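Structure below is structure_15.cif: mmCIF, C-alpha atoms and all ligand atoms.
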```
data_start
loop_
_atom_site.group_PDB
_atom_site.id
_atom_site.type_symbol
_atom_site.label_atom_id
_atom_site.label_comp_id
_atom_site.auth_asym_id
_atom_site.auth_seq_id
_atom_site.Cartn_x
_atom_site.Cartn_y
_atom_site.Cartn_z
ATOM 1 C CA MET A 1 106.146 -46.763 63.643
ATOM 2 C CA VAL A 2 108.624 -44.200 62.332
ATOM 3 C CA LEU A 3 112.252 -44.757 63.278
ATOM 4 C CA GLY A 4 114.460 -41.926 64.537
ATOM 5 C CA ASN A 5 116.936 -39.685 62.729
ATOM 6 C CA ILE A 6 120.317 -41.428 62.632
ATOM 7 C CA LYS A 7 122.286 -38.263 61.835
ATOM 8 C CA GLU A 8 121.064 -36.514 64.986
ATOM 9 C CA TYR A 9 121.557 -39.647 67.079
ATOM 10 C CA THR A 10 125.170 -40.251 65.984
ATOM 11 C CA LYS A 11 125.903 -36.554 66.617
ATOM 12 C CA ALA A 12 124.613 -36.906 70.183
ATOM 13 C CA LEU A 13 126.582 -40.144 70.671
ATOM 14 C CA LYS A 14 129.797 -38.417 69.584
ATOM 15 C CA GLU A 15 129.256 -35.773 72.276
ATOM 16 C CA GLN A 16 128.855 -38.561 74.858
ATOM 17 C CA PHE A 17 132.100 -40.196 73.688
ATOM 18 C CA LYS A 18 133.949 -36.864 73.943
ATOM 19 C CA ASP A 19 132.775 -36.489 77.556
ATOM 20 C CA ARG A 20 133.836 -40.044 78.433
ATOM 21 C CA ILE A 21 137.265 -39.505 76.839
ATOM 22 C CA ALA A 22 137.703 -36.260 78.798
ATOM 23 C CA THR A 23 137.134 -38.278 81.985
ATOM 24 C CA ILE A 24 139.716 -40.905 80.966
ATOM 25 C CA GLY A 25 142.311 -38.187 80.374
ATOM 26 C CA ASP A 26 144.318 -40.112 77.735
ATOM 27 C CA ALA A 27 143.095 -40.474 74.161
ATOM 28 C CA PRO A 28 141.923 -44.038 73.430
ATOM 29 C CA LYS A 29 143.966 -45.660 70.651
ATOM 30 C CA LEU A 30 142.608 -47.768 67.812
ATOM 31 C CA ALA A 31 144.708 -49.728 65.304
ATOM 32 C CA ILE A 32 143.083 -50.338 61.924
ATOM 33 C CA ILE A 33 144.709 -53.166 59.954
ATOM 34 C CA GLN A 34 144.312 -53.094 56.188
ATOM 35 C CA VAL A 35 145.603 -55.587 53.668
ATOM 36 C CA GLY A 36 145.884 -54.420 50.069
ATOM 37 C CA ASN A 37 144.330 -51.325 48.617
ATOM 38 C CA ILE A 38 140.645 -51.964 47.863
ATOM 39 C CA GLU A 39 138.947 -48.676 47.047
ATOM 40 C CA ALA A 40 135.813 -49.368 49.135
ATOM 41 C CA SER A 41 137.988 -50.329 52.130
ATOM 42 C CA ASN A 42 139.995 -47.105 51.742
ATOM 43 C CA ARG A 43 136.748 -45.167 51.907
ATOM 44 C CA TYR A 44 135.400 -47.005 54.968
ATOM 45 C CA ILE A 45 138.726 -46.576 56.762
ATOM 46 C CA LYS A 46 138.829 -42.874 55.916
ATOM 47 C CA ASN A 47 135.355 -42.444 57.472
ATOM 48 C CA LYS A 48 136.357 -44.371 60.596
ATOM 49 C CA VAL A 49 139.531 -42.302 61.050
ATOM 50 C CA LYS A 50 137.633 -39.038 60.512
ATOM 51 C CA ASP A 51 134.935 -39.932 63.077
ATOM 52 C CA CYS A 52 137.538 -41.157 65.586
ATOM 53 C CA GLU A 53 139.532 -37.934 65.242
ATOM 54 C CA GLU A 54 136.358 -35.909 65.760
ATOM 55 C CA VAL A 55 135.708 -37.486 69.166
ATOM 56 C CA GLY A 56 139.348 -37.694 70.282
ATOM 57 C CA ILE A 57 140.257 -41.329 69.523
ATOM 58 C CA ILE A 58 143.680 -41.777 67.913
ATOM 59 C CA ALA A 59 143.198 -44.107 64.939
ATOM 60 C CA ASP A 60 146.368 -45.436 63.254
ATOM 61 C CA VAL A 61 146.137 -47.342 59.981
ATOM 62 C CA TYR A 62 148.565 -50.191 59.303
ATOM 63 C CA GLN A 63 148.421 -50.976 55.614
ATOM 64 C CA TYR A 64 150.066 -54.241 54.582
ATOM 65 C CA PRO A 65 150.728 -55.395 51.013
ATOM 66 C CA GLU A 66 148.207 -57.688 49.365
ATOM 67 C CA ASP A 67 150.744 -60.530 49.105
ATOM 68 C CA ILE A 68 151.577 -60.616 52.830
ATOM 69 C CA THR A 69 151.261 -64.176 54.156
ATOM 70 C CA GLU A 70 148.672 -65.088 56.782
ATOM 71 C CA HIS A 71 151.445 -65.947 59.232
ATOM 72 C CA GLU A 72 153.272 -62.621 58.710
ATOM 73 C CA LEU A 73 150.023 -60.683 59.072
ATOM 74 C CA CYS A 74 149.078 -62.460 62.305
ATOM 75 C CA GLU A 75 152.563 -61.901 63.745
ATOM 76 C CA ASN A 76 152.388 -58.200 62.852
ATOM 77 C CA ILE A 77 148.946 -57.875 64.441
ATOM 78 C CA LYS A 78 150.196 -59.487 67.651
ATOM 79 C CA PHE A 79 153.062 -56.978 67.695
ATOM 80 C CA ASP A 80 151.043 -53.885 66.649
ATOM 81 C CA GLN A 81 148.291 -54.407 69.232
ATOM 82 C CA GLU A 82 150.601 -53.882 72.215
ATOM 83 C CA HIS A 83 150.120 -50.133 72.061
ATOM 84 C CA TYR A 84 146.379 -49.982 71.412
ATOM 85 C CA ASP A 85 143.084 -50.178 73.302
ATOM 86 C CA GLY A 86 141.339 -51.580 70.250
ATOM 87 C CA VAL A 87 142.352 -53.408 67.066
ATOM 88 C CA ILE A 88 140.225 -53.990 63.987
ATOM 89 C CA VAL A 89 140.890 -55.619 60.644
ATOM 90 C CA GLN A 90 139.190 -54.110 57.632
ATOM 91 C CA LEU A 91 137.364 -56.772 55.615
ATOM 92 C CA PRO A 92 137.458 -58.252 53.052
ATOM 93 C CA LEU A 93 140.875 -59.888 53.232
ATOM 94 C CA PRO A 94 142.622 -61.421 50.194
ATOM 95 C CA PRO A 95 141.477 -65.024 49.572
ATOM 96 C CA HIS A 96 144.742 -66.582 50.827
ATOM 97 C CA ILE A 97 144.214 -65.115 54.321
ATOM 98 C CA ARG A 98 141.619 -66.744 56.587
ATOM 99 C CA GLU A 99 139.449 -64.297 58.536
ATOM 100 C CA LYS A 100 139.282 -66.796 61.390
ATOM 101 C CA ALA A 101 143.082 -66.892 61.774
ATOM 102 C CA VAL A 102 143.339 -63.113 61.766
ATOM 103 C CA VAL A 103 140.563 -62.678 64.326
ATOM 104 C CA ALA A 104 142.307 -65.255 66.526
ATOM 105 C CA ALA A 105 145.503 -63.144 66.427
ATOM 106 C CA ILE A 106 143.680 -60.209 68.053
ATOM 107 C CA ASP A 107 143.549 -60.114 71.849
ATOM 108 C CA PRO A 108 139.787 -60.653 72.526
ATOM 109 C CA LEU A 109 139.872 -57.780 75.029
ATOM 110 C CA LYS A 110 141.016 -55.476 72.197
ATOM 111 C CA ASP A 111 138.644 -56.897 69.578
ATOM 112 C CA VAL A 112 136.405 -53.812 69.398
ATOM 113 C CA ASP A 113 134.731 -55.102 66.213
ATOM 114 C CA GLY A 114 133.366 -57.909 68.390
ATOM 115 C CA PHE A 115 134.271 -60.692 65.910
ATOM 116 C CA HIS A 116 136.017 -62.972 68.425
ATOM 117 C CA ILE A 117 133.758 -65.345 70.358
ATOM 118 C CA ASP A 118 135.431 -64.198 73.597
ATOM 119 C CA SER A 119 135.259 -60.501 72.788
ATOM 120 C CA PRO A 120 133.349 -58.651 75.529
ATOM 121 C CA TYR A 121 132.129 -56.121 72.944
ATOM 122 C CA PRO A 122 128.987 -56.217 70.804
ATOM 123 C CA PRO A 123 129.815 -56.846 67.129
ATOM 124 C CA ALA A 124 129.896 -53.416 65.490
ATOM 125 C CA THR A 125 127.164 -53.635 62.830
ATOM 126 C CA PRO A 126 124.589 -55.733 64.743
ATOM 127 C CA GLY A 127 125.437 -53.818 67.927
ATOM 128 C CA GLY A 128 124.939 -50.504 66.113
ATOM 129 C CA ILE A 129 121.531 -51.672 64.861
ATOM 130 C CA MET A 130 120.484 -52.785 68.373
ATOM 131 C CA MET A 131 121.666 -49.484 69.870
ATOM 132 C CA TYR A 132 119.674 -47.569 67.251
ATOM 133 C CA LEU A 133 116.469 -49.573 67.830
ATOM 134 C CA LYS A 134 116.817 -49.017 71.566
ATOM 135 C CA HIS A 135 117.238 -45.290 70.955
ATOM 136 C CA CYS A 136 114.019 -45.359 68.877
ATOM 137 C CA ASN A 137 112.206 -47.155 71.727
ATOM 138 C CA PHE A 138 111.530 -50.003 69.320
ATOM 139 C CA ASP A 139 110.775 -52.788 71.799
ATOM 140 C CA LEU A 140 111.711 -56.131 70.230
ATOM 141 C CA THR A 141 109.796 -58.165 72.826
ATOM 142 C CA GLY A 142 107.370 -60.463 71.021
ATOM 143 C CA LYS A 143 108.111 -58.915 67.613
ATOM 144 C CA ASP A 144 108.531 -60.978 64.452
ATOM 145 C CA VAL A 145 111.774 -59.958 62.748
ATOM 146 C CA VAL A 146 112.930 -61.133 59.341
ATOM 147 C CA ILE A 147 116.667 -60.829 58.716
ATOM 148 C CA ILE A 148 117.766 -61.395 55.121
ATOM 149 C CA GLY A 149 121.418 -62.474 54.906
ATOM 150 C CA ARG A 150 123.149 -64.930 57.239
ATOM 151 C CA SER A 151 126.778 -63.734 57.237
ATOM 152 C CA ASN A 152 128.957 -64.215 60.295
ATOM 153 C CA ILE A 153 129.402 -60.469 60.755
ATOM 154 C CA VAL A 154 125.797 -59.287 60.284
ATOM 155 C CA GLY A 155 122.921 -61.770 59.986
ATOM 156 C CA LYS A 156 123.937 -64.496 62.422
ATOM 157 C CA PRO A 157 125.094 -62.304 65.340
ATOM 158 C CA LEU A 158 122.123 -59.973 64.840
ATOM 159 C CA ALA A 159 119.725 -62.947 64.935
ATOM 160 C CA ARG A 160 121.276 -64.017 68.245
ATOM 161 C CA MET A 161 121.105 -60.517 69.748
ATOM 162 C CA MET A 162 117.487 -60.025 68.670
ATOM 163 C CA THR A 163 116.511 -63.466 69.957
ATOM 164 C CA ASP A 164 118.106 -62.551 73.290
ATOM 165 C CA ALA A 165 115.957 -59.407 73.239
ATOM 166 C CA ASP A 166 112.840 -61.654 73.032
ATOM 167 C CA ALA A 167 112.072 -61.173 69.335
ATOM 168 C CA THR A 168 111.115 -64.138 67.162
ATOM 169 C CA VAL A 169 113.683 -64.104 64.390
ATOM 170 C CA THR A 170 113.545 -65.676 60.944
ATOM 171 C CA LEU A 171 116.993 -65.718 59.371
ATOM 172 C CA CYS A 172 116.652 -65.861 55.584
ATOM 173 C CA HIS A 173 119.273 -66.558 52.915
ATOM 174 C CA SER A 174 119.578 -67.180 49.198
ATOM 175 C CA LYS A 175 117.621 -70.448 49.381
ATOM 176 C CA SER A 176 114.722 -69.053 51.439
ATOM 177 C CA LYS A 177 111.195 -68.595 50.112
ATOM 178 C CA LEU A 178 111.332 -64.973 51.078
ATOM 179 C CA SER A 179 107.771 -63.878 50.371
ATOM 180 C CA ASN A 180 106.461 -66.604 52.727
ATOM 181 C CA HIS A 181 108.478 -65.099 55.568
ATOM 182 C CA LEU A 182 108.119 -61.368 54.931
ATOM 183 C CA TYR A 183 104.357 -61.416 55.308
ATOM 184 C CA GLY A 184 103.479 -60.518 58.886
ATOM 185 C CA ALA A 185 106.940 -59.315 59.905
ATOM 186 C CA ASP A 186 107.112 -56.392 62.352
ATOM 187 C CA LEU A 187 110.633 -55.431 61.284
ATOM 188 C CA ILE A 188 112.788 -56.350 58.293
ATOM 189 C CA VAL A 189 116.576 -56.215 58.152
ATOM 190 C CA THR A 190 118.202 -56.661 54.771
ATOM 191 C CA ALA A 191 121.923 -57.481 54.545
ATOM 192 C CA VAL A 192 122.278 -58.998 51.102
ATOM 193 C CA GLY A 193 124.452 -56.602 49.110
ATOM 194 C CA LYS A 194 122.318 -56.315 45.966
ATOM 195 C CA ALA A 195 120.989 -52.953 44.786
ATOM 196 C CA GLY A 196 117.211 -52.938 44.361
ATOM 197 C CA PHE A 197 116.916 -56.377 45.973
ATOM 198 C CA LEU A 198 113.918 -55.523 48.147
ATOM 199 C CA ASN A 199 111.520 -54.157 45.572
ATOM 200 C CA CYS A 200 108.108 -55.655 45.141
ATOM 201 C CA TYR A 201 107.135 -56.972 48.551
ATOM 202 C CA PRO A 202 104.170 -55.359 50.292
ATOM 203 C CA ILE A 203 106.134 -53.711 53.058
ATOM 204 C CA HIS A 204 104.352 -51.700 55.717
ATOM 205 C CA VAL A 205 106.927 -51.988 58.477
ATOM 206 C CA PRO A 206 110.325 -50.437 59.275
ATOM 207 C CA VAL A 207 113.264 -51.720 57.259
ATOM 208 C CA ILE A 208 116.879 -51.615 58.397
ATOM 209 C CA ASP A 209 118.923 -51.522 55.195
ATOM 210 C CA VAL A 210 122.437 -52.822 55.872
ATOM 211 C CA GLY A 211 123.443 -53.316 52.232
ATOM 212 C CA ILE A 212 126.002 -51.042 50.624
ATOM 213 C CA ASN A 213 126.065 -51.157 46.842
ATOM 214 C CA ARG A 214 127.707 -48.934 44.279
ATOM 215 C CA LEU A 215 125.665 -48.130 41.186
ATOM 216 C CA GLU A 216 127.154 -47.622 37.710
ATOM 217 C CA ASN A 217 126.752 -43.865 38.109
ATOM 218 C CA GLY A 218 129.031 -44.044 41.164
ATOM 219 C CA LYS A 219 126.255 -43.442 43.718
ATOM 220 C CA LEU A 220 125.901 -45.600 46.830
ATOM 221 C CA CYS A 221 122.642 -47.322 47.666
ATOM 222 C CA GLY A 222 121.304 -50.047 49.936
ATOM 223 C CA ASP A 223 119.341 -53.217 49.156
ATOM 224 C CA VAL A 224 115.972 -51.463 49.118
ATOM 225 C CA ASP A 225 114.518 -50.169 45.886
ATOM 226 C CA PHE A 226 113.447 -46.839 47.358
ATOM 227 C CA GLU A 227 111.253 -45.858 44.397
ATOM 228 C CA ASN A 228 109.021 -48.906 44.686
ATOM 229 C CA VAL A 229 109.115 -49.610 48.396
ATOM 230 C CA GLU A 230 109.672 -46.365 50.207
ATOM 231 C CA PRO A 231 106.097 -45.042 50.299
ATOM 232 C CA LYS A 232 104.941 -48.364 51.741
ATOM 233 C CA ALA A 233 107.502 -48.835 54.505
ATOM 234 C CA SER A 234 106.968 -46.591 57.494
ATOM 235 C CA TYR A 235 110.697 -46.020 57.714
ATOM 236 C CA ILE A 236 113.733 -47.271 55.860
ATOM 237 C CA THR A 237 117.205 -46.467 57.121
ATOM 238 C CA PRO A 238 119.062 -44.514 54.417
ATOM 239 C CA VAL A 239 122.211 -45.587 52.540
ATOM 240 C CA PRO A 240 124.527 -43.795 52.882
ATOM 241 C CA GLY A 241 123.943 -42.283 56.322
ATOM 242 C CA GLY A 242 122.202 -45.178 58.077
ATOM 243 C CA VAL A 243 123.668 -48.427 59.382
ATOM 244 C CA GLY A 244 127.187 -47.332 58.293
ATOM 245 C CA PRO A 245 127.434 -44.429 60.789
ATOM 246 C CA MET A 246 125.779 -46.590 63.484
ATOM 247 C CA THR A 247 128.456 -49.250 62.905
ATOM 248 C CA VAL A 248 131.222 -46.664 63.350
ATOM 249 C CA ALA A 249 129.454 -45.297 66.459
ATOM 250 C CA MET A 250 129.415 -48.808 67.983
ATOM 251 C CA LEU A 251 133.078 -49.256 67.115
ATOM 252 C CA MET A 252 133.950 -45.953 68.810
ATOM 253 C CA GLN A 253 131.857 -46.831 71.852
ATOM 254 C CA ASN A 254 133.660 -50.181 72.176
ATOM 255 C CA THR A 255 137.047 -48.430 71.874
ATOM 256 C CA VAL A 256 136.170 -45.886 74.557
ATOM 257 C CA THR A 257 134.932 -48.707 76.817
ATOM 258 C CA ALA A 258 138.203 -50.623 76.257
ATOM 259 C CA ALA A 259 140.204 -47.532 77.268
ATOM 260 C CA GLU A 260 138.030 -47.041 80.372
ATOM 261 C CA LYS A 261 138.554 -50.666 81.416
ATOM 262 C CA LYS A 262 142.340 -50.246 81.121
ATOM 263 C CA ILE A 263 142.440 -47.431 83.714
ATOM 264 C CA LYS A 264 140.188 -49.226 86.212
HETATM 265 P P1 LIG A 301 127.683 -61.679 52.615
HETATM 266 O O1 LIG A 301 127.964 -61.517 51.170
HETATM 267 O O2 LIG A 301 128.638 -62.379 53.493
HETATM 268 O O3 LIG A 301 126.246 -62.351 52.790
HETATM 269 C C1 LIG A 301 125.161 -62.035 51.987
HETATM 270 C C2 LIG A 301 123.984 -62.841 52.458
HETATM 271 O O4 LIG A 301 122.887 -62.544 51.586
HETATM 272 C C3 LIG A 301 124.188 -64.356 52.393
HETATM 273 O O5 LIG A 301 123.825 -64.920 53.626
HETATM 274 C C4 LIG A 301 123.236 -64.836 51.288
HETATM 275 O O6 LIG A 301 122.644 -66.094 51.591
HETATM 276 C C5 LIG A 301 122.189 -63.747 51.301
HETATM 277 N N1 LIG A 301 121.553 -63.642 49.989
HETATM 278 C C6 LIG A 301 122.137 -63.506 48.777
HETATM 279 N N2 LIG A 301 121.208 -63.479 47.814
HETATM 280 C C7 LIG A 301 120.017 -63.643 48.416
HETATM 281 C C8 LIG A 301 118.680 -63.733 47.951
HETATM 282 N N3 LIG A 301 118.391 -63.643 46.652
HETATM 283 N N4 LIG A 301 117.693 -63.896 48.871
HETATM 284 C C9 LIG A 301 117.966 -63.964 50.192
HETATM 285 N N5 LIG A 301 119.217 -63.891 50.687
HETATM 286 C C10 LIG A 301 120.230 -63.736 49.807
HETATM 287 O O7 LIG A 301 127.372 -60.228 53.112
HETATM 288 P P2 LIG A 301 127.669 -59.322 54.419
HETATM 289 O O8 LIG A 301 129.113 -59.264 54.676
HETATM 290 O O9 LIG A 301 126.730 -59.662 55.514
HETATM 291 O O10 LIG A 301 127.209 -57.942 53.798
HETATM 292 C C11 LIG A 301 125.925 -57.763 53.236
HETATM 293 C C12 LIG A 301 125.784 -56.328 52.760
HETATM 294 O O11 LIG A 301 125.871 -55.482 53.890
HETATM 295 C C13 LIG A 301 126.893 -55.864 51.805
HETATM 296 O O12 LIG A 301 126.351 -54.941 50.900
HETATM 297 C C14 LIG A 301 127.876 -55.177 52.723
HETATM 298 O O13 LIG A 301 128.626 -54.172 52.058
HETATM 299 C C15 LIG A 301 126.928 -54.553 53.725
HETATM 300 N N6 LIG A 301 127.512 -54.297 55.047
HETATM 301 C C16 LIG A 301 127.346 -53.065 55.553
HETATM 302 C C17 LIG A 301 127.849 -52.757 56.800
HETATM 303 C C18 LIG A 301 127.659 -51.384 57.339
HETATM 304 O O14 LIG A 301 128.363 -50.997 58.256
HETATM 305 N N7 LIG A 301 126.704 -50.621 56.837
HETATM 306 C C19 LIG A 301 128.537 -53.723 57.530
HETATM 307 C C20 LIG A 301 128.673 -55.014 56.997
HETATM 308 C C21 LIG A 301 128.138 -55.290 55.746
#
```
In structure tokens, write the structure found in this file.
Ligand code: NAD
Amino acid sequence: MVLGNIKEYTKALKEQFKDRIATIGDAPKLAIIQVGNIEASNRYIKNKVKDCEEVGIIADVYQYPEDITEHELCENIKFDQEHYDGVIVQLPLPPHIREKAVVAAIDPLKDVDGFHIDSPYPPATPGGIMMYLKHCNFDLTGKDVVIIGRSNIVGKPLARMMTDADATVTLCHSKSKLSNHLYGADLIVTAVGKAGFLNCYPIHVPVIDVGINRLENGKLCGDVDFENVEPKASYITPVPGGVGPMTVAMLMQNTVTAAEKKIK
């Protein structure tokens, strides 16, 4: 099984979003909340703004100082969101601010990252992965999927979505005996955040590489050690240019949907 080309797919999706926005008439508006000035976050936000502009979504960035209190931030979010179809908060937040409190400050109907339990939107990264697999006609029914990494934004929601799609999911973490689980998997998803993590397992199945890691030479890479694994896996999503663009595509789709719902 060879997975499809993500670059071509996201290009086609952007054309669909442009058409939907033309039908709405008004440009959908997305607020991106940033706290502090982390270099990686700056880069992710820049990519989101660029993609949004390309399809006709207005994306405004609200950058707050690192020492803002949780209360002040939540109050600002409640105020800022009035004028937007969608609101997202760029993670990570400084340690003194609880993610849970910030997510709770966002109107669930505007939570286009899908973090809130009452958000009607698929969470962006797991939703992007599901959308991509559907595009590739990768039917999850009856498949054995191993997800490595159990975070609240990737592993856990993805496990739920894949289970709902009739896959049998094994959710692994740092205490798992990984090699016991990988054998026999039909699909592997790695969301660990360690360069070269997936290196010596006998992989003959597609791998969705969610990890984003920066090497000493400045290059970005995923969790898969491409040199040792790539010839064995039938397809590995690239980093950069894989799950990242699919995540932004899902975010844009959710924002367009939010704007469509507003005019109904
Ligand atoms: P996290 O740090 O919250 O969780 C990492 C998970 O990996 C944990 O559940 C931990 O148990 C597991 N883990 C750590 N070491 C392990 C080991 N040796 N064996 C098995 N499991 C192990 O991470 P996160 O927020 O889910 O992000 C994971 C990676 O995905 C990061 O590199 C992050 O940058 C990337 N990410 C990418 C996107 C995207 O859009 N492409 C979105 C979210 C996260």
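What the PyMOL selection byres (((not hetatm)) within 7 of (chain A and resi 301)) matches in the given file is Thr125, Ile148, Gly149, Arg150, Ser151, Asn152, Ile153, Val154, Gly155, Cys172, His173, Ser174, Lys175, Ser176, Leu178, Ala191, Val192, Gly193, Lys194, Val210, Gly211, Ile212, Asn213, Val243, Gly244 and Thr247 of chain A.
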Could you please give me, as a list of chain:residue names, the residues of protein, DNA or RNA lying at most 9 Å from (131.5, -48.0, 55.3) in the coordinate frame of the file, considering all atoms listed in the file? A:Ala40, A:Ser41, A:Arg43, A:Tyr44, A:Ile45, A:Lys46, A:Asn47, A:Lys48, A:Ile212, A:Pro240, A:Val243, A:Gly244, A:Pro245, A:Thr247, A:Val248
List every protein, DNA or RNA residue that has at least one atom no more than 12 Å from (124.2, -52.5, 61.6) in the file's coordinates, counting all atoms listed in the file, and write the result as an mmCIF file with C-alpha atoms, in the frame of the given file.
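Full text of result10.cif as output:
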```
data_model
loop_
_atom_site.group_PDB
_atom_site.id
_atom_site.type_symbol
_atom_site.label_atom_id
_atom_site.label_comp_id
_atom_site.auth_asym_id
_atom_site.auth_seq_id
_atom_site.Cartn_x
_atom_site.Cartn_y
_atom_site.Cartn_z
ATOM 1 C CA ILE A 6 120.317 -41.428 62.632
ATOM 2 C CA ASP A 113 134.731 -55.102 66.213
ATOM 3 C CA PRO A 122 128.987 -56.217 70.804
ATOM 4 C CA PRO A 123 129.815 -56.846 67.129
ATOM 5 C CA ALA A 124 129.896 -53.416 65.490
ATOM 6 C CA THR A 125 127.164 -53.635 62.830
ATOM 7 C CA PRO A 126 124.589 -55.733 64.743
ATOM 8 C CA GLY A 127 125.437 -53.818 67.927
ATOM 9 C CA GLY A 128 124.939 -50.504 66.113
ATOM 10 C CA ILE A 129 121.531 -51.672 64.861
ATOM 11 C CA MET A 130 120.484 -52.785 68.373
ATOM 12 C CA MET A 131 121.666 -49.484 69.870
ATOM 13 C CA TYR A 132 119.674 -47.569 67.251
ATOM 14 C CA LEU A 133 116.469 -49.573 67.830
ATOM 15 C CA ILE A 147 116.667 -60.829 58.716
ATOM 16 C CA ILE A 153 129.402 -60.469 60.755
ATOM 17 C CA VAL A 154 125.797 -59.287 60.284
ATOM 18 C CA GLY A 155 122.921 -61.770 59.986
ATOM 19 C CA PRO A 157 125.094 -62.304 65.340
ATOM 20 C CA LEU A 158 122.123 -59.973 64.840
ATOM 21 C CA ALA A 159 119.725 -62.947 64.935
ATOM 22 C CA MET A 161 121.105 -60.517 69.748
ATOM 23 C CA VAL A 189 116.576 -56.215 58.152
ATOM 24 C CA THR A 190 118.202 -56.661 54.771
ATOM 25 C CA ALA A 191 121.923 -57.481 54.545
ATOM 26 C CA VAL A 207 113.264 -51.720 57.259
ATOM 27 C CA ILE A 208 116.879 -51.615 58.397
ATOM 28 C CA ASP A 209 118.923 -51.522 55.195
ATOM 29 C CA VAL A 210 122.437 -52.822 55.872
ATOM 30 C CA GLY A 211 123.443 -53.316 52.232
ATOM 31 C CA ILE A 212 126.002 -51.042 50.624
ATOM 32 C CA THR A 237 117.205 -46.467 57.121
ATOM 33 C CA PRO A 238 119.062 -44.514 54.417
ATOM 34 C CA VAL A 239 122.211 -45.587 52.540
ATOM 35 C CA GLY A 241 123.943 -42.283 56.322
ATOM 36 C CA GLY A 242 122.202 -45.178 58.077
ATOM 37 C CA VAL A 243 123.668 -48.427 59.382
ATOM 38 C CA GLY A 244 127.187 -47.332 58.293
ATOM 39 C CA PRO A 245 127.434 -44.429 60.789
ATOM 40 C CA MET A 246 125.779 -46.590 63.484
ATOM 41 C CA THR A 247 128.456 -49.250 62.905
ATOM 42 C CA VAL A 248 131.222 -46.664 63.350
ATOM 43 C CA ALA A 249 129.454 -45.297 66.459
ATOM 44 C CA MET A 250 129.415 -48.808 67.983
ATOM 45 C CA LEU A 251 133.078 -49.256 67.115
#
```
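Non-sequential neighbours of stretch 23-37 of chain A (distance at most 6 Å, separation of 6 or more positions within a chain, all atoms listed in the file) are Ile57, Ile58, Ala59, Asp60, Val61, Tyr62, Gln63, Tyr64, Pro65, Glu66, Tyr84, Asp85, Gly86, Val87, Ile88, Val89, Gln90 and Ala259 of chain A.
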Using all atoms listed in the file, the best pick from A:Ala105, A:Lys232, A:Asp139, A:Lys50 as closest to A:Asn76 would be A:Ala105
